[in-house]
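So this one's run-v2.pdb, PDB, C-alpha atoms:
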ATOM      1  CA  MET A   1    -249.171  -6.144 -58.054
ATOM      2  CA  SER A   2    -249.571  -9.168 -55.808
ATOM      3  CA  GLY A   3    -249.603  -8.900 -52.022
ATOM      4  CA  PHE A   4    -246.345 -10.812 -51.786
ATOM      5  CA  GLY A   5    -244.611  -8.454 -54.225
ATOM      6  CA  MET A   6    -245.920  -5.430 -52.373
ATOM      7  CA  ALA A   7    -244.772  -6.753 -48.989
ATOM      8  CA  PHE A   8    -241.310  -7.523 -50.291
ATOM      9  CA  ARG A   9    -241.093  -4.153 -51.966
ATOM     10  CA  ILE A  10    -241.916  -2.277 -48.765
ATOM     11  CA  GLY A  11    -239.383  -4.336 -46.819
ATOM     12  CA  THR A  12    -236.549  -3.557 -49.204
ATOM     13  CA  GLU A  13    -237.441   0.146 -49.252
ATOM     14  CA  LEU A  14    -237.004   0.317 -45.473
ATOM     15  CA  VAL A  15    -233.757  -1.635 -45.383
ATOM     16  CA  ALA A  16    -232.194   0.082 -48.400
ATOM     17  CA  ALA A  17    -232.477   3.613 -47.000
ATOM     18  CA  LEU A  18    -231.105   2.474 -43.651
ATOM     19  CA  ALA A  19    -228.193   0.733 -45.381
ATOM     20  CA  VAL A  20    -227.398   3.838 -47.435
ATOM     21  CA  GLY A  21    -227.453   5.959 -44.266
ATOM     22  CA  LEU A  22    -225.140   3.538 -42.478
ATOM     23  CA  VAL A  23    -222.661   3.415 -45.365
ATOM     24  CA  ILE A  24    -222.558   7.225 -45.649
ATOM     25  CA  GLY A  25    -222.171   7.618 -41.877
ATOM     26  CA  LEU A  26    -219.412   5.045 -41.602
ATOM     27  CA  SER A  27    -217.430   6.406 -44.536
ATOM     28  CA  LEU A  28    -217.733  10.012 -43.332
ATOM     29  CA  ASP A  29    -216.508   8.886 -39.900
ATOM     30  CA  ARG A  30    -213.587   7.042 -41.411
ATOM     31  CA  TRP A  31    -212.695  10.006 -43.622
ATOM     32  CA  LEU A  32    -212.985  12.756 -40.965
ATOM     33  CA  ASP A  33    -212.018  10.545 -38.002
ATOM     34  CA  THR A  34    -215.105  11.576 -36.043
ATOM     35  CA  ALA A  35    -216.451   8.170 -34.990
ATOM     36  CA  PRO A  36    -219.204   7.615 -34.021
ATOM     37  CA  TRP A  37    -220.972  10.914 -34.590
ATOM     38  CA  PHE A  38    -221.736  10.808 -38.311
ATOM     39  CA  LEU A  39    -222.831   7.201 -37.950
ATOM     40  CA  VAL A  40    -225.308   8.175 -35.230
ATOM     41  CA  VAL A  41    -226.673  11.095 -37.256
ATOM     42  CA  PHE A  42    -226.957   9.174 -40.527
ATOM     43  CA  PHE A  43    -228.464   6.139 -38.813
ATOM     44  CA  PHE A  44    -231.437   8.229 -37.763
ATOM     45  CA  LEU A  45    -231.596  10.084 -41.081
ATOM     46  CA  GLY A  46    -231.504   6.740 -42.908
ATOM     47  CA  ALA A  47    -234.218   5.317 -40.695
ATOM     48  CA  ALA A  48    -236.359   8.396 -41.333
ATOM     49  CA  ALA A  49    -235.746   8.128 -45.085
ATOM     50  CA  GLY A  50    -236.678   4.437 -44.950
ATOM     51  CA  ILE A  51    -239.940   5.183 -43.192
ATOM     52  CA  LEU A  52    -240.594   7.972 -45.714
ATOM     53  CA  ASN A  53    -240.037   5.467 -48.535
ATOM     54  CA  VAL A  54    -242.389   2.970 -46.925
ATOM     55  CA  TYR A  55    -245.007   5.636 -46.331
ATOM     56  CA  ARG A  56    -244.833   6.767 -49.950
ATOM     57  CA  THR A  57    -244.990   3.249 -51.319
ATOM     58  CA  ALA A  58    -247.795   2.162 -49.019
ATOM     59  CA  SER A  59    -249.937   5.241 -49.477
ATOM     60  CA  GLY A  60    -250.020   4.482 -53.170
ATOM     61  CA  LEU A  61    -248.151   7.622 -54.125
ATOM     62  CA  VAL A  62    -246.021   5.512 -56.410
ATOM     63  CA  SER A  63    -248.471   2.892 -57.616
ATOM     64  CA  ALA A  64    -251.417   5.278 -58.072
ATOM     65  CA  ALA A  65    -249.375   7.793 -60.068
ATOM     66  CA  PRO A  66    -250.810   6.814 -63.492
ATOM     67  CA  ASP A  67    -254.376   7.634 -62.417
ATOM     68  CA  GLN A  68    -253.501  11.106 -61.219
ATOM     69  CA  GLU A  69    -251.585  12.409 -64.182
ATOM     70  CA  GLY A  70    -250.718  16.061 -63.757
ATOM     71  CA  SER A  71    -252.150  16.453 -60.253
ATOM     72  CA  GLY A  72    -248.760  15.805 -58.722
ATOM     73  CA  ASP A  73    -249.049  18.407 -55.969
ATOM     74  CA  GLY A  74    -252.299  16.994 -54.656
ATOM     75  CA  ASN A  75    -250.859  13.538 -54.049
ATOM     76  CA  GLY A  76    -249.215  14.392 -50.766
ATOM     77  CA  ASP A  77    -252.368  15.863 -49.279
ATOM     78  CA  VAL A  78    -254.643  13.026 -50.336
ATOM     79  CA  SER A  79    -252.707  10.496 -48.311
TER      80      SER A  79
ATOM     81  CA  MET B  80    -227.278 -33.647 -50.682
ATOM     82  CA  ALA B  81    -226.097 -31.251 -53.373
ATOM     83  CA  ASN B  82    -225.101 -27.797 -52.216
ATOM     84  CA  PRO B  83    -228.087 -25.525 -52.929
ATOM     85  CA  LEU B  84    -225.767 -22.544 -53.407
ATOM     86  CA  HIS B  85    -223.604 -24.279 -55.998
ATOM     87  CA  GLN B  86    -225.858 -22.939 -58.766
ATOM     88  CA  PHE B  87    -224.713 -19.365 -58.050
ATOM     89  CA  GLU B  88    -220.999 -20.077 -58.474
ATOM     90  CA  ILE B  89    -219.195 -18.050 -61.094
ATOM     91  CA  GLN B  90    -217.048 -20.224 -63.349
ATOM     92  CA  ASP B  91    -214.654 -19.111 -66.019
ATOM     93  CA  VAL B  92    -215.632 -20.233 -69.491
ATOM     94  CA  VAL B  93    -212.827 -18.423 -71.324
ATOM     95  CA  PRO B  94    -210.141 -17.259 -68.858
ATOM     96  CA  ILE B  95    -208.831 -13.793 -69.786
ATOM     97  CA  HIS B  96    -206.270 -12.108 -67.542
ATOM     98  CA  ILE B  97    -205.147  -8.583 -68.410
ATOM     99  CA  GLY B  98    -202.367  -7.538 -66.066
ATOM    100  CA  GLY B  99    -203.619  -8.350 -62.583
ATOM    101  CA  LEU B 100    -207.211  -8.002 -63.701
ATOM    102  CA  ASN B 101    -209.483 -11.005 -64.093
ATOM    103  CA  ALA B 102    -211.631 -10.179 -67.107
ATOM    104  CA  SER B 103    -212.602 -13.771 -67.835
ATOM    105  CA  PHE B 104    -215.654 -14.651 -69.860
ATOM    106  CA  THR B 105    -217.737 -16.348 -67.159
ATOM    107  CA  ASN B 106    -220.870 -18.456 -67.167
ATOM    108  CA  SER B 107    -222.700 -15.304 -66.032
ATOM    109  CA  ALA B 108    -221.471 -13.395 -69.079
ATOM    110  CA  LEU B 109    -222.286 -16.389 -71.281
ATOM    111  CA  PHE B 110    -225.898 -16.381 -70.123
ATOM    112  CA  MET B 111    -226.175 -12.629 -70.671
ATOM    113  CA  VAL B 112    -225.034 -13.158 -74.258
ATOM    114  CA  ILE B 113    -227.486 -16.052 -74.641
ATOM    115  CA  THR B 114    -230.287 -13.871 -73.244
ATOM    116  CA  VAL B 115    -229.562 -11.052 -75.690
ATOM    117  CA  ALA B 116    -229.387 -13.560 -78.541
ATOM    118  CA  VAL B 117    -232.681 -15.218 -77.544
ATOM    119  CA  VAL B 118    -234.472 -11.872 -77.179
ATOM    120  CA  THR B 119    -233.177 -10.714 -80.555
ATOM    121  CA  LEU B 120    -234.108 -13.999 -82.192
ATOM    122  CA  PHE B 121    -237.564 -13.962 -80.586
ATOM    123  CA  LEU B 122    -238.332 -10.430 -81.754
ATOM    124  CA  THR B 123    -236.861 -10.599 -85.250
ATOM    125  CA  ALA B 124    -237.971 -14.106 -86.179
ATOM    126  CA  SER B 125    -241.501 -13.639 -84.862
ATOM    127  CA  THR B 126    -242.080 -10.384 -86.730
ATOM    128  CA  ARG B 127    -240.493 -11.580 -89.980
ATOM    129  CA  GLY B 128    -243.849 -12.448 -91.528
ATOM    130  CA  ARG B 129    -245.332  -8.998 -90.749
ATOM    131  CA  ALA B 130    -248.775 -10.537 -91.044
ATOM    132  CA  LEU B 131    -251.787  -8.296 -90.660
ATOM    133  CA  VAL B 132    -253.435 -11.001 -88.607
ATOM    134  CA  PRO B 133    -250.581 -12.084 -86.333
ATOM    135  CA  GLY B 134    -249.716 -15.704 -85.724
ATOM    136  CA  ARG B 135    -248.783 -17.110 -82.333
ATOM    137  CA  TRP B 136    -245.198 -15.883 -82.238
ATOM    138  CA  GLN B 137    -245.943 -12.511 -83.765
ATOM    139  CA  SER B 138    -248.758 -11.856 -81.300
ATOM    140  CA  MET B 139    -246.388 -12.731 -78.441
ATOM    141  CA  ALA B 140    -243.894 -10.163 -79.700
ATOM    142  CA  GLU B 141    -246.653  -7.602 -80.224
ATOM    143  CA  LEU B 142    -248.033  -8.353 -76.783
ATOM    144  CA  SER B 143    -244.687  -7.625 -75.124
ATOM    145  CA  TYR B 144    -244.348  -4.425 -77.148
ATOM    146  CA  GLU B 145    -247.870  -3.290 -76.233
ATOM    147  CA  PHE B 146    -247.298  -4.179 -72.584
ATOM    148  CA  VAL B 147    -244.151  -2.065 -72.217
ATOM    149  CA  ALA B 148    -245.531   0.742 -74.396
ATOM    150  CA  GLY B 149    -248.607   0.921 -72.178
ATOM    151  CA  MET B 150    -246.437   0.899 -69.075
ATOM    152  CA  VAL B 151    -244.322   3.801 -70.351
ATOM    153  CA  ARG B 152    -247.400   5.736 -71.486
ATOM    154  CA  ASP B 153    -249.226   5.276 -68.169
ATOM    155  CA  ASN B 154    -246.273   6.063 -65.927
ATOM    156  CA  VAL B 155    -244.276   8.680 -67.814
ATOM    157  CA  GLY B 156    -246.715  10.145 -70.312
ATOM    158  CA  ALA B 157    -246.023  11.399 -73.812
ATOM    159  CA  GLU B 158    -242.492  12.614 -73.004
ATOM    160  CA  GLY B 159    -241.555   9.075 -72.062
ATOM    161  CA  ARG B 160    -241.893   7.848 -75.635
ATOM    162  CA  ARG B 161    -238.270   8.546 -76.486
ATOM    163  CA  TYR B 162    -237.124   6.407 -73.552
ATOM    164  CA  PHE B 163    -239.245   3.456 -74.659
ATOM    165  CA  PRO B 164    -236.354   1.587 -76.355
ATOM    166  CA  PHE B 165    -234.371   1.625 -73.136
ATOM    167  CA  ILE B 166    -237.253   0.502 -70.916
ATOM    168  CA  PHE B 167    -238.194  -2.209 -73.427
ATOM    169  CA  SER B 168    -234.612  -3.522 -73.591
ATOM    170  CA  LEU B 169    -234.389  -3.470 -69.797
ATOM    171  CA  PHE B 170    -237.666  -5.346 -69.399
ATOM    172  CA  MET B 171    -236.896  -7.985 -72.023
ATOM    173  CA  PHE B 172    -233.342  -8.502 -70.738
ATOM    174  CA  ILE B 173    -234.466  -9.057 -67.143
ATOM    175  CA  LEU B 174    -237.519 -11.125 -68.109
ATOM    176  CA  PHE B 175    -235.597 -13.464 -70.395
ATOM    177  CA  GLY B 176    -232.683 -13.626 -67.946
ATOM    178  CA  ASN B 177    -235.102 -14.716 -65.225
ATOM    179  CA  LEU B 178    -236.948 -17.179 -67.439
ATOM    180  CA  LEU B 179    -233.834 -18.738 -68.980
ATOM    181  CA  GLY B 180    -232.460 -19.118 -65.457
ATOM    182  CA  LEU B 181    -235.368 -21.440 -64.666
ATOM    183  CA  ILE B 182    -234.144 -24.003 -67.185
ATOM    184  CA  PRO B 183    -232.298 -26.762 -65.289
ATOM    185  CA  TYR B 184    -228.476 -26.497 -65.375
ATOM    186  CA  SER B 185    -228.621 -22.909 -66.625
ATOM    187  CA  PHE B 186    -227.335 -19.874 -64.759
ATOM    188  CA  THR B 187    -229.453 -16.980 -63.449
ATOM    189  CA  PHE B 188    -227.378 -13.824 -63.766
ATOM    190  CA  THR B 189    -230.122 -11.741 -62.114
ATOM    191  CA  SER B 190    -229.430 -13.629 -58.874
ATOM    192  CA  HIS B 191    -226.116 -11.772 -58.561
ATOM    193  CA  ILE B 192    -226.293  -8.411 -56.849
ATOM    194  CA  ILE B 193    -223.449  -6.968 -58.908
ATOM    195  CA  VAL B 194    -225.489  -7.472 -62.089
ATOM    196  CA  THR B 195    -228.696  -5.986 -60.675
ATOM    197  CA  LEU B 196    -226.780  -3.153 -59.007
ATOM    198  CA  ALA B 197    -225.093  -2.277 -62.294
ATOM    199  CA  MET B 198    -228.504  -2.085 -63.998
ATOM    200  CA  ALA B 199    -230.037  -0.109 -61.125
ATOM    201  CA  LEU B 200    -227.105   2.331 -61.020
ATOM    202  CA  PHE B 201    -227.386   2.828 -64.767
ATOM    203  CA  VAL B 202    -231.068   3.711 -64.355
ATOM    204  CA  PHE B 203    -230.299   5.944 -61.361
ATOM    205  CA  VAL B 204    -227.435   7.866 -62.979
ATOM    206  CA  GLY B 205    -229.315   8.122 -66.278
ATOM    207  CA  VAL B 206    -232.454   9.454 -64.601
ATOM    208  CA  THR B 207    -230.458  11.992 -62.575
ATOM    209  CA  VAL B 208    -228.638  13.193 -65.704
ATOM    210  CA  ILE B 209    -231.973  13.504 -67.558
ATOM    211  CA  GLY B 210    -233.379  15.491 -64.634
ATOM    212  CA  PHE B 211    -230.468  17.936 -64.646
ATOM    213  CA  LEU B 212    -230.487  18.239 -68.437
ATOM    214  CA  ARG B 213    -234.193  19.050 -68.540
ATOM    215  CA  HIS B 214    -234.434  21.307 -65.505
ATOM    216  CA  GLY B 215    -230.887  22.463 -64.806
ATOM    217  CA  ALA B 216    -230.325  23.508 -61.190
ATOM    218  CA  HIS B 217    -234.097  23.642 -60.776
ATOM    219  CA  PHE B 218    -233.982  19.837 -60.498
ATOM    220  CA  LEU B 219    -232.643  20.312 -56.950
ATOM    221  CA  SER B 220    -236.081  21.612 -55.934
ATOM    222  CA  PHE B 221    -237.085  17.949 -56.157
ATOM    223  CA  PHE B 222    -235.412  17.503 -52.763
ATOM    224  CA  VAL B 223    -237.262  20.395 -51.115
ATOM    225  CA  PRO B 224    -240.544  19.211 -49.604
ATOM    226  CA  LYS B 225    -243.487  21.463 -50.383
ATOM    227  CA  GLY B 226    -245.568  23.254 -47.771
ATOM    228  CA  VAL B 227    -242.928  23.030 -45.052
ATOM    229  CA  HIS B 228    -241.385  25.889 -43.074
ATOM    230  CA  PRO B 229    -237.818  26.641 -44.305
ATOM    231  CA  VAL B 230    -236.405  25.936 -40.827
ATOM    232  CA  MET B 231    -237.386  22.288 -41.219
ATOM    233  CA  TRP B 232    -235.424  22.048 -44.487
ATOM    234  CA  ILE B 233    -232.218  21.438 -42.499
ATOM    235  CA  LEU B 234    -233.706  18.155 -41.332
ATOM    236  CA  LEU B 235    -235.927  17.218 -44.258
ATOM    237  CA  ILE B 236    -233.597  17.817 -47.196
ATOM    238  CA  PRO B 237    -231.006  15.252 -45.978
ATOM    239  CA  ILE B 238    -233.838  12.760 -45.487
ATOM    240  CA  GLU B 239    -235.114  13.401 -49.023
ATOM    241  CA  VAL B 240    -231.605  13.046 -50.432
ATOM    242  CA  LEU B 241    -231.072   9.780 -48.551
ATOM    243  CA  SER B 242    -234.428   8.543 -49.780
ATOM    244  CA  TYR B 243    -233.340   9.384 -53.328
ATOM    245  CA  LEU B 244    -229.971   7.682 -52.885
ATOM    246  CA  SER B 245    -231.639   4.537 -51.576
ATOM    247  CA  ARG B 246    -233.467   3.995 -54.869
ATOM    248  CA  PRO B 247    -230.768   2.047 -56.716
ATOM    249  CA  VAL B 248    -230.095  -0.004 -53.565
ATOM    250  CA  SER B 249    -233.704  -1.072 -53.082
ATOM    251  CA  LEU B 250    -234.135  -1.600 -56.827
ATOM    252  CA  SER B 251    -231.153  -3.941 -57.054
ATOM    253  CA  ILE B 252    -231.728  -5.775 -53.753
ATOM    254  CA  ARG B 253    -235.340  -6.527 -54.654
ATOM    255  CA  LEU B 254    -234.533  -8.277 -57.932
ATOM    256  CA  PHE B 255    -231.426 -10.059 -56.652
ATOM    257  CA  ALA B 256    -233.015 -11.267 -53.385
ATOM    258  CA  ASN B 257    -236.167 -12.525 -55.093
ATOM    259  CA  MET B 258    -234.248 -14.520 -57.656
ATOM    260  CA  MET B 259    -231.683 -15.885 -55.219
ATOM    261  CA  ALA B 260    -234.238 -16.823 -52.549
ATOM    262  CA  GLY B 261    -236.493 -18.551 -55.063
ATOM    263  CA  HIS B 262    -233.724 -20.567 -56.683
ATOM    264  CA  THR B 263    -232.197 -21.560 -53.337
ATOM    265  CA  MET B 264    -235.574 -22.684 -51.989
ATOM    266  CA  LEU B 265    -236.260 -24.680 -55.137
ATOM    267  CA  LYS B 266    -232.894 -26.421 -54.845
ATOM    268  CA  VAL B 267    -233.333 -27.161 -51.119
ATOM    269  CA  PHE B 268    -236.715 -28.816 -51.658
ATOM    270  CA  ALA B 269    -235.483 -30.660 -54.752
ATOM    271  CA  GLY B 270    -232.515 -31.937 -52.751
ATOM    272  CA  PHE B 271    -234.849 -33.646 -50.264
ATOM    273  CA  ILE B 272    -236.768 -35.690 -52.844
ATOM    274  CA  VAL B 273    -234.350 -38.586 -53.356
ATOM    275  CA  PRO B 274    -232.998 -38.844 -49.750
ATOM    276  CA  LEU B 275    -236.556 -39.167 -48.368
ATOM    277  CA  GLY B 276    -237.197 -42.158 -50.573
ATOM    278  CA  PHE B 277    -240.292 -43.415 -52.351
ATOM    279  CA  LEU B 278    -242.637 -42.898 -49.401
ATOM    280  CA  GLY B 279    -241.492 -39.501 -48.093
ATOM    281  CA  GLY B 280    -240.236 -37.948 -51.295
ATOM    282  CA  TRP B 281    -243.648 -36.952 -52.611
ATOM    283  CA  ALA B 282    -244.083 -34.010 -50.256
ATOM    284  CA  PRO B 283    -240.892 -32.145 -51.331
ATOM    285  CA  LEU B 284    -241.627 -33.088 -54.947
ATOM    286  CA  ALA B 285    -245.060 -31.447 -54.728
ATOM    287  CA  MET B 286    -243.413 -28.453 -53.100
ATOM    288  CA  ALA B 287    -240.803 -28.240 -55.878
ATOM    289  CA  VAL B 288    -243.525 -28.355 -58.529
ATOM    290  CA  ALA B 289    -245.514 -25.629 -56.789
ATOM    291  CA  LEU B 290    -242.395 -23.501 -56.324
ATOM    292  CA  SER B 291    -241.466 -23.862 -59.997
ATOM    293  CA  GLY B 292    -244.814 -22.420 -60.952
ATOM    294  CA  PHE B 293    -244.383 -19.681 -58.401
ATOM    295  CA  GLU B 294    -240.919 -18.909 -59.793
ATOM    296  CA  PHE B 295    -242.424 -18.231 -63.221
ATOM    297  CA  LEU B 296    -244.685 -15.672 -61.593
ATOM    298  CA  VAL B 297    -241.748 -14.122 -59.711
ATOM    299  CA  ALA B 298    -239.611 -14.022 -62.867
ATOM    300  CA  PHE B 299    -242.264 -12.021 -64.664
ATOM    301  CA  LEU B 300    -243.273  -9.908 -61.670
ATOM    302  CA  GLN B 301    -239.731  -8.824 -60.848
ATOM    303  CA  ALA B 302    -238.987  -7.852 -64.437
ATOM    304  CA  TYR B 303    -242.205  -5.840 -64.385
ATOM    305  CA  VAL B 304    -241.431  -4.194 -61.022
ATOM    306  CA  PHE B 305    -237.908  -3.266 -62.088
ATOM    307  CA  SER B 306    -239.023  -1.603 -65.315
ATOM    308  CA  VAL B 307    -242.115   0.047 -63.821
ATOM    309  CA  LEU B 308    -239.943   1.615 -61.118
ATOM    310  CA  ALA B 309    -237.484   2.773 -63.771
ATOM    311  CA  CYS B 310    -240.493   4.436 -65.454
ATOM    312  CA  LEU B 311    -241.601   6.071 -62.207
ATOM    313  CA  TYR B 312    -238.116   7.418 -61.504
ATOM    314  CA  LEU B 313    -238.025   8.744 -65.058
ATOM    315  CA  ASN B 314    -241.401  10.366 -64.462
ATOM    316  CA  ASP B 315    -240.061  12.060 -61.311
ATOM    317  CA  ALA B 316    -237.060  13.398 -63.221
ATOM    318  CA  ILE B 317    -239.176  14.697 -66.114
ATOM    319  CA  HIS B 318    -242.126  16.143 -64.181
ATOM    320  CA  LEU B 319    -240.508  16.852 -60.782
ATOM    321  CA  HIS B 320    -243.492  15.286 -58.940
TER     322      HIS B 320
END
Spit out the file's structure as structure tokens when you get a sec.
Amino acid sequence: MSGFGMAFRIGTELVAALAVGLVIGLSLDRWLDTAPWFLVVFFFLGAAAGILNVYRTASGLVSAAPDQEGSGDGNGDVS
Amino acid sequence: MANPLHQFEIQDVVPIHIGGLNASFTNSALFMVITVAVVTLFLTASTRGRALVPGRWQSMAELSYEFVAGMVRDNVGAEGRRYFPFIFSLFMFILFGNLLGLIPYSFTFTSHIIVTLAMALFVFVGVTVIGFLRHGAHFLSFFVPKGVHPVMWILLIPIEVLSYLSRPVSLSIRLFANMMAGHTMLKVFAGFIVPLGFLGGWAPLAMAVALSGFEFLVAFLQAYVFSVLACLYLNDAIHLH
């Protein structure tokens, strides 16, 4: 994959998780009338999930998967 | 100067209104039908000869088959073979949608987030259903990080679930944003050519030519990325890491 594609991919991974966290937080707040607490909690969870996504993408866990067929457990330790 | 966003406008080709619902046949739908027709024509007409030594068209069709088959084999393994028709259809649909959208005056349906989101959600829901069908409730162990003290699960499982839920979002945004950004940029540079006149117009023209070439790369790359990620998600659901 080209450098440009990789950069764009990592960017969207970060934003997407944050956006999902925000949407869940806002809708839970609206439903339970607890603003802003769920938003605050899910903002940080979403940010953490985004960084997790970026870490996994960047450390080649996703792109190097074909080379390490079957050694799934070892992937996390290698990186 | 022409509006660079005009190309993304949805226009009704055959207006259909059922009750209060607008179910019109739009230019977007028209280009999806054209894409399916072109893909079908390309694959059936090129393999009609069934030559042992393939001609140009047949080797193109075989090349696309081999490419996707190799992708499924490398990323999912032997169990992925039964999902090959889906991945192949997905890849060809996106690739030809992207490429046909590069033809002047045509419409790029992959530059609309509702189209890419529908495809991404289909992949996401399908993969989740496959995961539950194959592993039952054991599929939920996918969200439990290994080698972590159970106390940390309270924090880590929601993060894993959010990371899982963000997959269709990032999948759809990536394709849609790439196509929309590329086509808008192309139109902006093309719009400068005539207003800058004979002396100044060469610079945006060169830029438009370079961007057109780049757009071909993006069209292929994004179709590849979308289907390779669908394969990887499928692999996760089948093998649970």
Practice problem: Using the chain letters and numbers from the file, give me the residues hit by the ChimeraX specification (/B :<7) & /A, as a PyMOL selection string. | Solution: chain A and resi 9+12-13+16-17+20-21+45-46+48-50+53+65-66+72
Keeping C-alpha atoms, export the residues of the selection given above as a tab-separated table (two decimals), in the coordinates of the input.
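Once everything was written out, this is part.tsv:
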chain	number	residue	atom	x	y	z
A	9	ARG	CA	-241.09	-4.15	-51.97
A	12	THR	CA	-236.55	-3.56	-49.20
A	13	GLU	CA	-237.44	0.15	-49.25
A	16	ALA	CA	-232.19	0.08	-48.40
A	17	ALA	CA	-232.48	3.61	-47.00
A	20	VAL	CA	-227.40	3.84	-47.44
A	21	GLY	CA	-227.45	5.96	-44.27
A	45	LEU	CA	-231.60	10.08	-41.08
A	46	GLY	CA	-231.50	6.74	-42.91
A	48	ALA	CA	-236.36	8.40	-41.33
A	49	ALA	CA	-235.75	8.13	-45.08
A	50	GLY	CA	-236.68	4.44	-44.95
A	53	ASN	CA	-240.04	5.47	-48.54
A	65	ALA	CA	-249.38	7.79	-60.07
A	66	PRO	CA	-250.81	6.81	-63.49
A	72	GLY	CA	-248.76	15.80	-58.72
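Among the candidate residues A:Leu39, A:Leu14, A:Ala58, A:Ala7, the one lying nearest to Ser27 (chain A) is A:Leu39, with distances computed using all atoms listed in the file.
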Self-check item: Long-range neighbours of Val147 (chain B) as JSON, numbers by chain, 12 Å cut-off, all atoms listed in the file, 2 positions minimum in chain
Solution: {"B": [140, 141, 142, 143, 144, 145, 149, 150, 151, 152, 153, 154, 155, 159, 160, 162, 163, 164, 165, 166, 167, 168, 169, 170, 171, 174, 302, 303, 304, 305, 306, 307, 309, 310]}
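When the PyMOL selection byres ((chain B and resi 216-222) around 6) is evaluated against the file, it yields Phe211, His214, Gly215, Val223, Ile236, Glu239 and Leu319 of chain B.
Residues in contact with Phe38 (chain A) at up to 12 Å, not including ones fewer than 4 positions away on its chain and judged by only C-alpha atoms, are Gly21, Leu22, Val23, Ile24, Gly25, Leu26, Ser27, Leu28, Asp29, Arg30, Trp31, Leu32, Asp33, Thr34, Phe42, Phe43, Phe44, Leu45 and Gly46 of chain A.
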Kindly save the residues from that selection, with C-alpha atoms included, as a PDB file, keeping the file's coordinate frame.
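Listed below is the output, result_8.pdb:
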ATOM      1  CA  GLY A  21    -227.453   5.959 -44.266  1.00  0.00           C
ATOM      2  CA  LEU A  22    -225.140   3.538 -42.478  1.00  0.00           C
ATOM      3  CA  VAL A  23    -222.661   3.415 -45.365  1.00  0.00           C
ATOM      4  CA  ILE A  24    -222.558   7.225 -45.649  1.00  0.00           C
ATOM      5  CA  GLY A  25    -222.171   7.618 -41.877  1.00  0.00           C
ATOM      6  CA  LEU A  26    -219.412   5.045 -41.602  1.00  0.00           C
ATOM      7  CA  SER A  27    -217.430   6.406 -44.536  1.00  0.00           C
ATOM      8  CA  LEU A  28    -217.733  10.012 -43.332  1.00  0.00           C
ATOM      9  CA  ASP A  29    -216.508   8.886 -39.900  1.00  0.00           C
ATOM     10  CA  ARG A  30    -213.587   7.042 -41.411  1.00  0.00           C
ATOM     11  CA  TRP A  31    -212.695  10.006 -43.622  1.00  0.00           C
ATOM     12  CA  LEU A  32    -212.985  12.756 -40.965  1.00  0.00           C
ATOM     13  CA  ASP A  33    -212.018  10.545 -38.002  1.00  0.00           C
ATOM     14  CA  THR A  34    -215.105  11.576 -36.043  1.00  0.00           C
ATOM     15  CA  PHE A  42    -226.957   9.174 -40.527  1.00  0.00           C
ATOM     16  CA  PHE A  43    -228.464   6.139 -38.813  1.00  0.00           C
ATOM     17  CA  PHE A  44    -231.437   8.229 -37.763  1.00  0.00           C
ATOM     18  CA  LEU A  45    -231.596  10.084 -41.081  1.00  0.00           C
ATOM     19  CA  GLY A  46    -231.504   6.740 -42.908  1.00  0.00           C
TER      20      GLY A  46
END
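One finds CA of Leu84 (chain B) at 17.1 Å from CA of Ser291 (chain B).
Our summary of the geometry notes that CA of Gly210 (chain B) is positioned 4.5 Å from CA of Ala316 (chain B).
Pairwise distance (CA of Ser107 (chain B), CA of Met264 (chain B)) equals 20.4 Å.
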Result set of the PyMOL selection byres ((chain B and resi 198-206) around 6) on the coordinates above, as a PDB file with C-alpha atoms, in the coordinates of the input:
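Saved to part-v9.pdb:
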ATOM      1  CA  THR B 195    -228.696  -5.986 -60.675  1.00  0.00           C
ATOM      2  CA  LEU B 196    -226.780  -3.153 -59.007  1.00  0.00           C
ATOM      3  CA  ALA B 197    -225.093  -2.277 -62.294  1.00  0.00           C
ATOM      4  CA  THR B 207    -230.458  11.992 -62.575  1.00  0.00           C
ATOM      5  CA  VAL B 208    -228.638  13.193 -65.704  1.00  0.00           C
ATOM      6  CA  ILE B 209    -231.973  13.504 -67.558  1.00  0.00           C
ATOM      7  CA  PRO B 247    -230.768   2.047 -56.716  1.00  0.00           C
ATOM      8  CA  SER B 251    -231.153  -3.941 -57.054  1.00  0.00           C
ATOM      9  CA  LEU B 313    -238.025   8.744 -65.058  1.00  0.00           C
TER      10      LEU B 313
END
Quiz prompt | Residues within 12 Å of Gly176 (chain B), only C-alpha atoms, excluding chain neighbours under 3 positions, as a VMD selection string | solution = chain B and resid 107 to 118 168 to 173 179 to 182 185 to 191 194 to 195 254 to 255 258 295 298 to 299 301 to 302
